[in-house]
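Asker: Sharing a structure, written as structure tokens. Questions coming.
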Protein chains: 4
Amino acid sequence: MSRIHVPITLRWSDLDAYGHVNNAEMLRLLEEARIRVFWADRSAAEEHEVPHTALIAGGPDAETITLIAAQRIEYLAPIPYLRRPLDVQLWIGRLGGASIEICYEVWSPAGDEPRALYAKAATTLVLIDAESNRPRRLTEAEREAWSPHLDEPVRFRNR
Amino acid sequence: MSRIHVPITLRWSDLDAYGHVNNAEMLRLLEEARIRVFWADRSAAEEHEVPHTALIAGGPDAETITLIAAQRIEYLAPIPYLRRPLDVQLWIGRLGGASIEICYEVWSPAGDEPRALYAKAATTLVLIDAESNRPRRLTEAEREAWSPHLDEPVRFRNR
Amino acid sequence: MSRIHVPITLRWSDLDAYGHVNNAEMLRLLEEARIRVFWADRSAAEEHEVPHTALIAGGPDAETITLIAAQRIEYLAPIPYLRRPLDVQLWIGRLGGASIEICYEVWSPAGDEPRALYAKAATTLVLIDAESNRPRRLTEAEREAWSPHLDEPVRFRNR
Amino acid sequence: MSRIHVPITLRWSDLDAYGHVNNAEMLRLLEEARIRVFWADRSAAEEHEVPHTALIAGGPDAETITLIAAQRIEYLAPIPYLRRPLDVQLWIGRLGGASIEICYEVWSPAGDEPRALYAKAATTLVLIDAESNRPRRLTEAEREAWSPHLDEPVRFRNR
């Protein structure tokens with residue numbers, strides 16, 4: 001239903017020799033948005049522990065590792081250096097047996113008129129049981145935690 | 001038919017806090033392979049001119065800009081730091097009206113036994129006429145130049 | 001006198017395989033702080049022009065290019081992934097004939113107690129006349145503009 | 001005495017919006033040269049273990065961690081995109097009680113005439129005992145191992 005809005009601030013070094021945000025760097029920005037949302041808040045602990053993503057916000061789960069299985073991105077318009085943060089919108093496109101599809105739209109800074117849609121993307125994450133090193137099924141608690149952010153997967157133009 | 005093999009050397013800084021090549025950095029490696037192949041060799045001139053990719057090897061075409069319209073990647077196995085270069089295999093998956101699909105497979109270093117296939121990917125480039133700033137059709141000369149490297153597009157597992 | 005405080009938000013990708021902000025990435029963070037301060041605000045224009053740094057805040061000077069001549073950094077403590085922005089403090093350590101020394105201290109996020117000083121650094125910029133491609137002297141207007149931020153250069157422990 | 005020559009291949013993504021190798025990226029290139037030299041060769045093991053630098057070539061020492069304490073760099077000329085590898089020359093400028101100063105000169109590709117010196121730099125590494133987490137003294141064996149590469153420290157123009 002509801003998209004999560006993550007403000008992501010560009011750095012000048014995200015630009016390449018063409019003066020626009022580099023195509024690969026775009027995935028870094030999506031990575032950062034994803035981590036800011038999925039990373040369980042561990043307050044005081046966070047500064048001293050090896051970082052890892054947690055799928056259930058508010059509760060880290062060291063018994064599970066999340067691997068990126070696939071990514072897809074369509075670039076709709078080049079992004080110049082912007083001082084105000086991009087508006088990265090993020091939602092769950094699909095809850096599979098052992099996988100989660102995260103969808104994104106990258107928009108120009110909130111408040112800009114007219115708004116520009118710079119990119120659409122999707123990342124497929126697989127949950128791996130840290131002990132067996134094999135995929136494990138999403139639990140009912142996980143499905144429930146994420147269902148408020150479940151919506152239609154992003155539609156790509158091509159195959 | 002024939003794939004182009006591009007040796008791409010990792011840097012330790014390609015690894016992230018998990019100790020594997022970062023998911024976004026993978027697109028940088030594909031970018032580098034693509035540029036090494038598509039970038040027309042301009043020998044002495046190359047060090048003094050603004051760099052740009054050229055689709056026809058051996059002849060730069062400043063009248064055409066190539067934009068990345070879409071990318072897709074499947075990560076099959078994590079890549080550790082390797083001293084010997086990855087074997088990035090590259091071919092043309094499709095010659096469209098105004099676009100080209102470049103396909104990639106990222107393999108462990110040549111000579112390793114057994115070989116590991118780390119990733120499969122595809123990039124869609126669109127040719128833009130620099131003057132009108134609009135897509136332009138591939139010429140017959142371009143189709144001919146690239147047809148020896150035309151092969152079946154990479155097959156992805158999912159939609 | 002007065003230091004300029006620039007909040008710089010980390011990205012998870014700034015960490016290397018040791019789980020701390022990478023030594024080279026640190027210079028990226030200083031670059032970003034420097035650009036945010038020195039880059040003259042060109043409001044509507046900024047999104048459509050090739051970016052360049054301007055030494056006089058509020059007034060870009062396309063006739064001058066700034067080159068980085070030297071950098072120096074001391075790393076005092078490793079930086080983990082932090083959600084809240086680093087407090088990068090920036091001042092002018094020296095106004096030379098044709099050069100400017102920018103000094104930095106990188107502190108833990110504002111409000112943290114106790115504060116941690118992560119790094120000290122300095123960048124020497126040289127002003128280049130774009131037409132002659134040679135260094136040019138700072139003007140009196142420039143000296144005046146920057147003097148409120150002039151203070152003792154950062155002190156490094158070693159030679 | 002003898003400098004170690006490390007060929008380091010640029011990537012197009014090392015360039016920033018000015019079309020030259022970015023100032024911070026230069027430290028990445030030095031890092032890569034340093035790791036290629038200092039990283040003890042662990043052949044089969046290397047692909048499966050968490051990477052770490054080893055100061056004594058040929059023998060990793062997991063009991064010691066090396067921290068970067070300081071870096072200094074002078075940029076003498078901008079570096080364009082080059083297909084052939086840079087010639088990074090590396091030597092030991094000083095063996096301290098618990099620290100090592102690594103010096104670098106970054107030259108245009110071997111064989112180019114005339115050669116261009118792009119940058120001079122130095123990195124101070126400190127040896128940390130992994131157990132006590134405190135600096136530890138260089139051993140006689142370490143001093144002996146590195147003395148063939150000991151030479152005058154790089155000379156910087158300014159303070």
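Chain labels follow the order of the structure tokens: the first chain is A, the next B, and so on; residue numbering restarts at 1 in every chain, and ligands are counted from 1 in their shown order.
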Select from chain B every residue with an atom at most 12 Å from any atom of chain A, then for each give the shortest pair of atoms and their distance in Å to one decimal, using only C-alpha atoms, rows by chain and rising number, as a Markdown table.
Answerer:
```
| residue | atom | partner | partner_atom | distance |
| --- | --- | --- | --- | --- |
| B:Asp16 | CA | A:Pro51 | CA | 10.7 |
| B:Ala17 | CA | A:Pro51 | CA | 7.6 |
| B:Tyr18 | CA | A:His52 | CA | 8.3 |
| B:Gly19 | CA | A:Val50 | CA | 11.6 |
| B:His20 | CA | A:Leu67 | CA | 11.2 |
| B:Val21 | CA | A:Ile68 | CA | 11.7 |
| B:Asn22 | CA | A:Arg28 | CA | 9.2 |
| B:Asn23 | CA | A:Ile68 | CA | 7.4 |
| B:Ala24 | CA | A:Leu27 | CA | 5.2 |
| B:Glu25 | CA | A:Ala24 | CA | 6.8 |
| B:Met26 | CA | A:Ala24 | CA | 8.0 |
| B:Leu27 | CA | A:Ala24 | CA | 5.2 |
| B:Arg28 | CA | A:Ala24 | CA | 5.6 |
| B:Leu29 | CA | A:Ala24 | CA | 9.1 |
| B:Leu30 | CA | A:Ala24 | CA | 9.2 |
| B:Glu31 | CA | A:Ala24 | CA | 8.0 |
| B:Glu32 | CA | A:Ala24 | CA | 10.8 |
| B:Glu49 | CA | A:Ala17 | CA | 11.7 |
| B:Val50 | CA | A:Ala17 | CA | 8.2 |
| B:Pro51 | CA | A:Ala17 | CA | 7.6 |
| B:His52 | CA | A:Tyr18 | CA | 8.4 |
| B:Thr53 | CA | A:Tyr18 | CA | 10.8 |
| B:Ile65 | CA | A:Tyr18 | CA | 10.5 |
| B:Thr66 | CA | A:Tyr18 | CA | 11.1 |
| B:Leu67 | CA | A:Pro78 | CA | 9.0 |
| B:Ile68 | CA | A:Tyr75 | CA | 6.9 |
| B:Ala69 | CA | A:Tyr75 | CA | 5.1 |
| B:Ala70 | CA | A:Glu74 | CA | 4.2 |
| B:Gln71 | CA | A:Ile73 | CA | 5.3 |
| B:Arg72 | CA | A:Arg72 | CA | 4.3 |
| B:Ile73 | CA | A:Gln71 | CA | 5.3 |
| B:Glu74 | CA | A:Ala70 | CA | 4.2 |
| B:Tyr75 | CA | A:Ala69 | CA | 5.1 |
| B:Leu76 | CA | A:Ala69 | CA | 6.9 |
| B:Ala77 | CA | A:Ala69 | CA | 8.8 |
| B:Pro78 | CA | A:Leu67 | CA | 9.0 |
| B:Glu101 | CA | A:Asn158 | CA | 11.5 |
| B:Tyr118 | CA | A:Ala69 | CA | 11.0 |
| B:Ala119 | CA | A:Ala70 | CA | 9.3 |
| B:Lys120 | CA | A:Ala70 | CA | 9.4 |
| B:Ala121 | CA | A:Gln71 | CA | 9.3 |
| B:Ala122 | CA | A:Arg72 | CA | 9.5 |
| B:Thr123 | CA | A:Ile73 | CA | 9.7 |
| B:Thr124 | CA | A:Glu74 | CA | 9.2 |
| B:Leu125 | CA | A:Tyr75 | CA | 10.6 |
| B:Val126 | CA | A:Tyr75 | CA | 11.1 |
| B:Pro153 | CA | A:Arg159 | CA | 11.2 |
| B:Val154 | CA | A:Arg159 | CA | 11.9 |
| B:Arg155 | CA | A:Arg159 | CA | 11.0 |
| B:Phe156 | CA | A:Ala70 | CA | 9.3 |
| B:Arg157 | CA | A:Ala70 | CA | 9.5 |
| B:Asn158 | CA | A:Ala70 | CA | 8.9 |
| B:Arg159 | CA | A:Arg159 | CA | 7.9 |
```
Asker: In segment 2-158 of chain D, what's strand (DSSP E) per DSSP? Answer as a PyMOL selection string?
Answerer: chain D and resi 4-8+64-75+86-95+99-107+117-129
Asker: Go ahead and write the residues just picked, N, CA and C atoms, as a short mmCIF file (atom, residue, chain, number, x, y, z; two decimals), in the first residue's frame.
Answerer:
```
data_model
loop_
_atom_site.label_atom_id
_atom_site.label_comp_id
_atom_site.auth_asym_id
_atom_site.auth_seq_id
_atom_site.Cartn_x
_atom_site.Cartn_y
_atom_site.Cartn_z
N ILE D 4 59.60 -0.75 -6.13
CA ILE D 4 58.73 -1.79 -6.66
C ILE D 4 57.78 -1.13 -7.66
N HIS D 5 57.71 -1.66 -8.87
CA HIS D 5 56.82 -1.10 -9.89
C HIS D 5 55.52 -1.90 -9.92
N VAL D 6 54.41 -1.22 -9.69
CA VAL D 6 53.11 -1.89 -9.71
C VAL D 6 52.26 -1.29 -10.82
N PRO D 7 51.94 -2.08 -11.85
CA PRO D 7 51.06 -1.55 -12.91
C PRO D 7 49.63 -1.50 -12.40
N ILE D 8 49.01 -0.33 -12.46
CA ILE D 8 47.64 -0.15 -11.97
C ILE D 8 46.79 0.40 -13.13
N THR D 64 48.70 -9.62 13.61
CA THR D 64 48.96 -8.20 13.47
C THR D 64 47.95 -7.54 12.52
N ILE D 65 47.42 -6.40 12.91
CA ILE D 65 46.56 -5.60 12.05
C ILE D 65 47.36 -4.36 11.66
N THR D 66 47.21 -3.90 10.42
CA THR D 66 47.88 -2.66 10.06
C THR D 66 46.83 -1.56 9.89
N LEU D 67 47.04 -0.47 10.58
CA LEU D 67 46.13 0.68 10.47
C LEU D 67 46.81 1.80 9.69
N ILE D 68 46.03 2.52 8.92
CA ILE D 68 46.57 3.69 8.24
C ILE D 68 46.46 4.87 9.20
N ALA D 69 47.61 5.46 9.53
CA ALA D 69 47.61 6.56 10.50
C ALA D 69 47.57 7.91 9.79
N ALA D 70 48.20 7.98 8.62
CA ALA D 70 48.27 9.28 7.94
C ALA D 70 48.56 9.08 6.46
N GLN D 71 48.14 10.03 5.66
CA GLN D 71 48.47 10.01 4.24
C GLN D 71 48.73 11.44 3.77
N ARG D 72 49.57 11.52 2.75
CA ARG D 72 49.91 12.82 2.20
C ARG D 72 50.12 12.64 0.70
N ILE D 73 49.62 13.59 -0.07
CA ILE D 73 49.73 13.45 -1.52
C ILE D 73 49.88 14.81 -2.18
N GLU D 74 50.75 14.88 -3.18
CA GLU D 74 50.84 16.07 -4.02
C GLU D 74 50.48 15.69 -5.44
N TYR D 75 49.55 16.43 -6.01
CA TYR D 75 49.09 16.18 -7.38
C TYR D 75 49.86 17.09 -8.32
N LEU D 86 48.95 2.67 -15.32
CA LEU D 86 49.88 3.60 -14.67
C LEU D 86 51.04 2.81 -14.08
N ASP D 87 52.18 3.45 -13.98
CA ASP D 87 53.36 2.84 -13.35
C ASP D 87 53.48 3.42 -11.93
N VAL D 88 52.91 2.72 -10.96
CA VAL D 88 52.98 3.19 -9.58
C VAL D 88 54.26 2.63 -8.95
N GLN D 89 55.14 3.53 -8.54
CA GLN D 89 56.41 3.11 -7.95
C GLN D 89 56.32 3.27 -6.45
N LEU D 90 56.79 2.29 -5.73
CA LEU D 90 56.52 2.17 -4.30
C LEU D 90 57.80 1.77 -3.58
N TRP D 91 58.08 2.43 -2.47
CA TRP D 91 59.22 2.02 -1.65
C TRP D 91 58.98 2.38 -0.19
N ILE D 92 59.86 1.92 0.68
CA ILE D 92 59.72 2.21 2.11
C ILE D 92 60.57 3.45 2.42
N GLY D 93 59.92 4.47 2.97
CA GLY D 93 60.64 5.70 3.25
C GLY D 93 61.20 5.73 4.67
N ARG D 94 60.64 4.91 5.55
CA ARG D 94 61.07 4.93 6.94
C ARG D 94 60.50 3.72 7.67
N LEU D 95 61.38 3.07 8.46
CA LEU D 95 60.93 2.00 9.35
C LEU D 95 61.00 2.54 10.76
N SER D 99 55.92 1.62 13.23
CA SER D 99 55.26 2.14 12.03
C SER D 99 56.16 2.02 10.80
N ILE D 100 55.52 2.11 9.65
CA ILE D 100 56.20 2.02 8.36
C ILE D 100 55.69 3.14 7.48
N GLU D 101 56.58 3.86 6.83
CA GLU D 101 56.13 4.86 5.87
C GLU D 101 56.34 4.31 4.47
N ILE D 102 55.25 4.20 3.73
CA ILE D 102 55.31 3.75 2.35
C ILE D 102 55.26 4.98 1.45
N CYS D 103 56.21 5.06 0.50
CA CYS D 103 56.25 6.20 -0.41
C CYS D 103 55.88 5.76 -1.82
N TYR D 104 55.31 6.69 -2.58
CA TYR D 104 54.84 6.38 -3.94
C TYR D 104 55.19 7.51 -4.90
N GLU D 105 55.43 7.13 -6.12
CA GLU D 105 55.36 8.08 -7.24
C GLU D 105 54.47 7.45 -8.31
N VAL D 106 53.57 8.26 -8.83
CA VAL D 106 52.65 7.76 -9.86
C VAL D 106 53.10 8.32 -11.20
N TRP D 107 53.52 7.42 -12.09
CA TRP D 107 54.06 7.80 -13.39
C TRP D 107 53.13 7.37 -14.53
N LEU D 117 55.26 12.55 -14.46
CA LEU D 117 55.08 12.25 -13.03
C LEU D 117 53.79 12.92 -12.57
N TYR D 118 52.80 12.11 -12.26
CA TYR D 118 51.47 12.65 -11.95
C TYR D 118 51.32 13.01 -10.46
N ALA D 119 51.93 12.22 -9.59
CA ALA D 119 51.71 12.45 -8.16
C ALA D 119 52.80 11.83 -7.31
N LYS D 120 52.99 12.40 -6.12
CA LYS D 120 53.88 11.85 -5.10
C LYS D 120 53.08 11.70 -3.82
N ALA D 121 53.32 10.62 -3.08
CA ALA D 121 52.49 10.39 -1.90
C ALA D 121 53.22 9.56 -0.86
N ALA D 122 52.69 9.57 0.34
CA ALA D 122 53.23 8.75 1.43
C ALA D 122 52.10 8.31 2.35
N THR D 123 52.19 7.07 2.81
CA THR D 123 51.21 6.51 3.75
C THR D 123 51.94 6.01 4.98
N THR D 124 51.47 6.38 6.15
CA THR D 124 52.06 5.86 7.39
C THR D 124 51.17 4.75 7.94
N LEU D 125 51.72 3.55 8.02
CA LEU D 125 51.01 2.40 8.57
C LEU D 125 51.51 2.12 9.98
N VAL D 126 50.60 1.76 10.88
CA VAL D 126 51.00 1.37 12.23
C VAL D 126 50.63 -0.09 12.45
N LEU D 127 51.54 -0.85 13.05
CA LEU D 127 51.28 -2.27 13.34
C LEU D 127 50.59 -2.40 14.69
N ILE D 128 49.46 -3.07 14.67
CA ILE D 128 48.66 -3.23 15.89
C ILE D 128 48.63 -4.71 16.26
N ASP D 129 48.94 -5.01 17.50
CA ASP D 129 48.82 -6.38 17.99
C ASP D 129 47.33 -6.70 18.13
#
```
Asker: List every residue of chain C that DSSP, applied to the backbone of this structure, assigns to helix (DSSP H, G or I), and report them as a count of residues only.
Answerer: 34
Asker: Go ahead and compute the interatomic distance for atom CA of Asp151 of chain A and atom CA of Ser108 of chain A, in Å to one decimal.
Answerer: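 Between these atoms lies a distance of 21.6 Å.
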Asker: Give the answer as one residue: which of A:Arg136, A:Arg3, A:Arg11, A:His149 has the shortest atom-to-atom distance to Ile79 of chain A, using only C-alpha atoms?
Answerer: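 Of A:Arg136, A:Arg3, A:Arg11, A:His149, the one nearest Ile79 of chain A is A:Arg11, counting only C-alpha atoms.
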Asker: With only C-alpha atoms as the basis for distance, which of D:Pro80, D:Gly97, D:Gly111, D:Pro85 is at the shortest distance from Leu138 of chain D?
Answerer: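 Checking each candidate against Leu138 of chain D, we get D:Gly97 as the closest.
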Asker: Would you work out the distance separating atom CA of Arg36 of chain B from atom CA of Leu15 of chain A, expressed in Å to one decimal?
Answerer: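 Atom-to-atom, atom CA of Arg36 of chain B and atom CA of Leu15 of chain A are spaced 19.8 Å apart.
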Asker: What does the distance between atom CA of Pro109 of chain D and atom CA of Thr9 of chain D come to in Å, to one decimal place?
Answerer: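 Atom-to-atom, atom CA of Pro109 of chain D and atom CA of Thr9 of chain D are spaced 9.4 Å apart.
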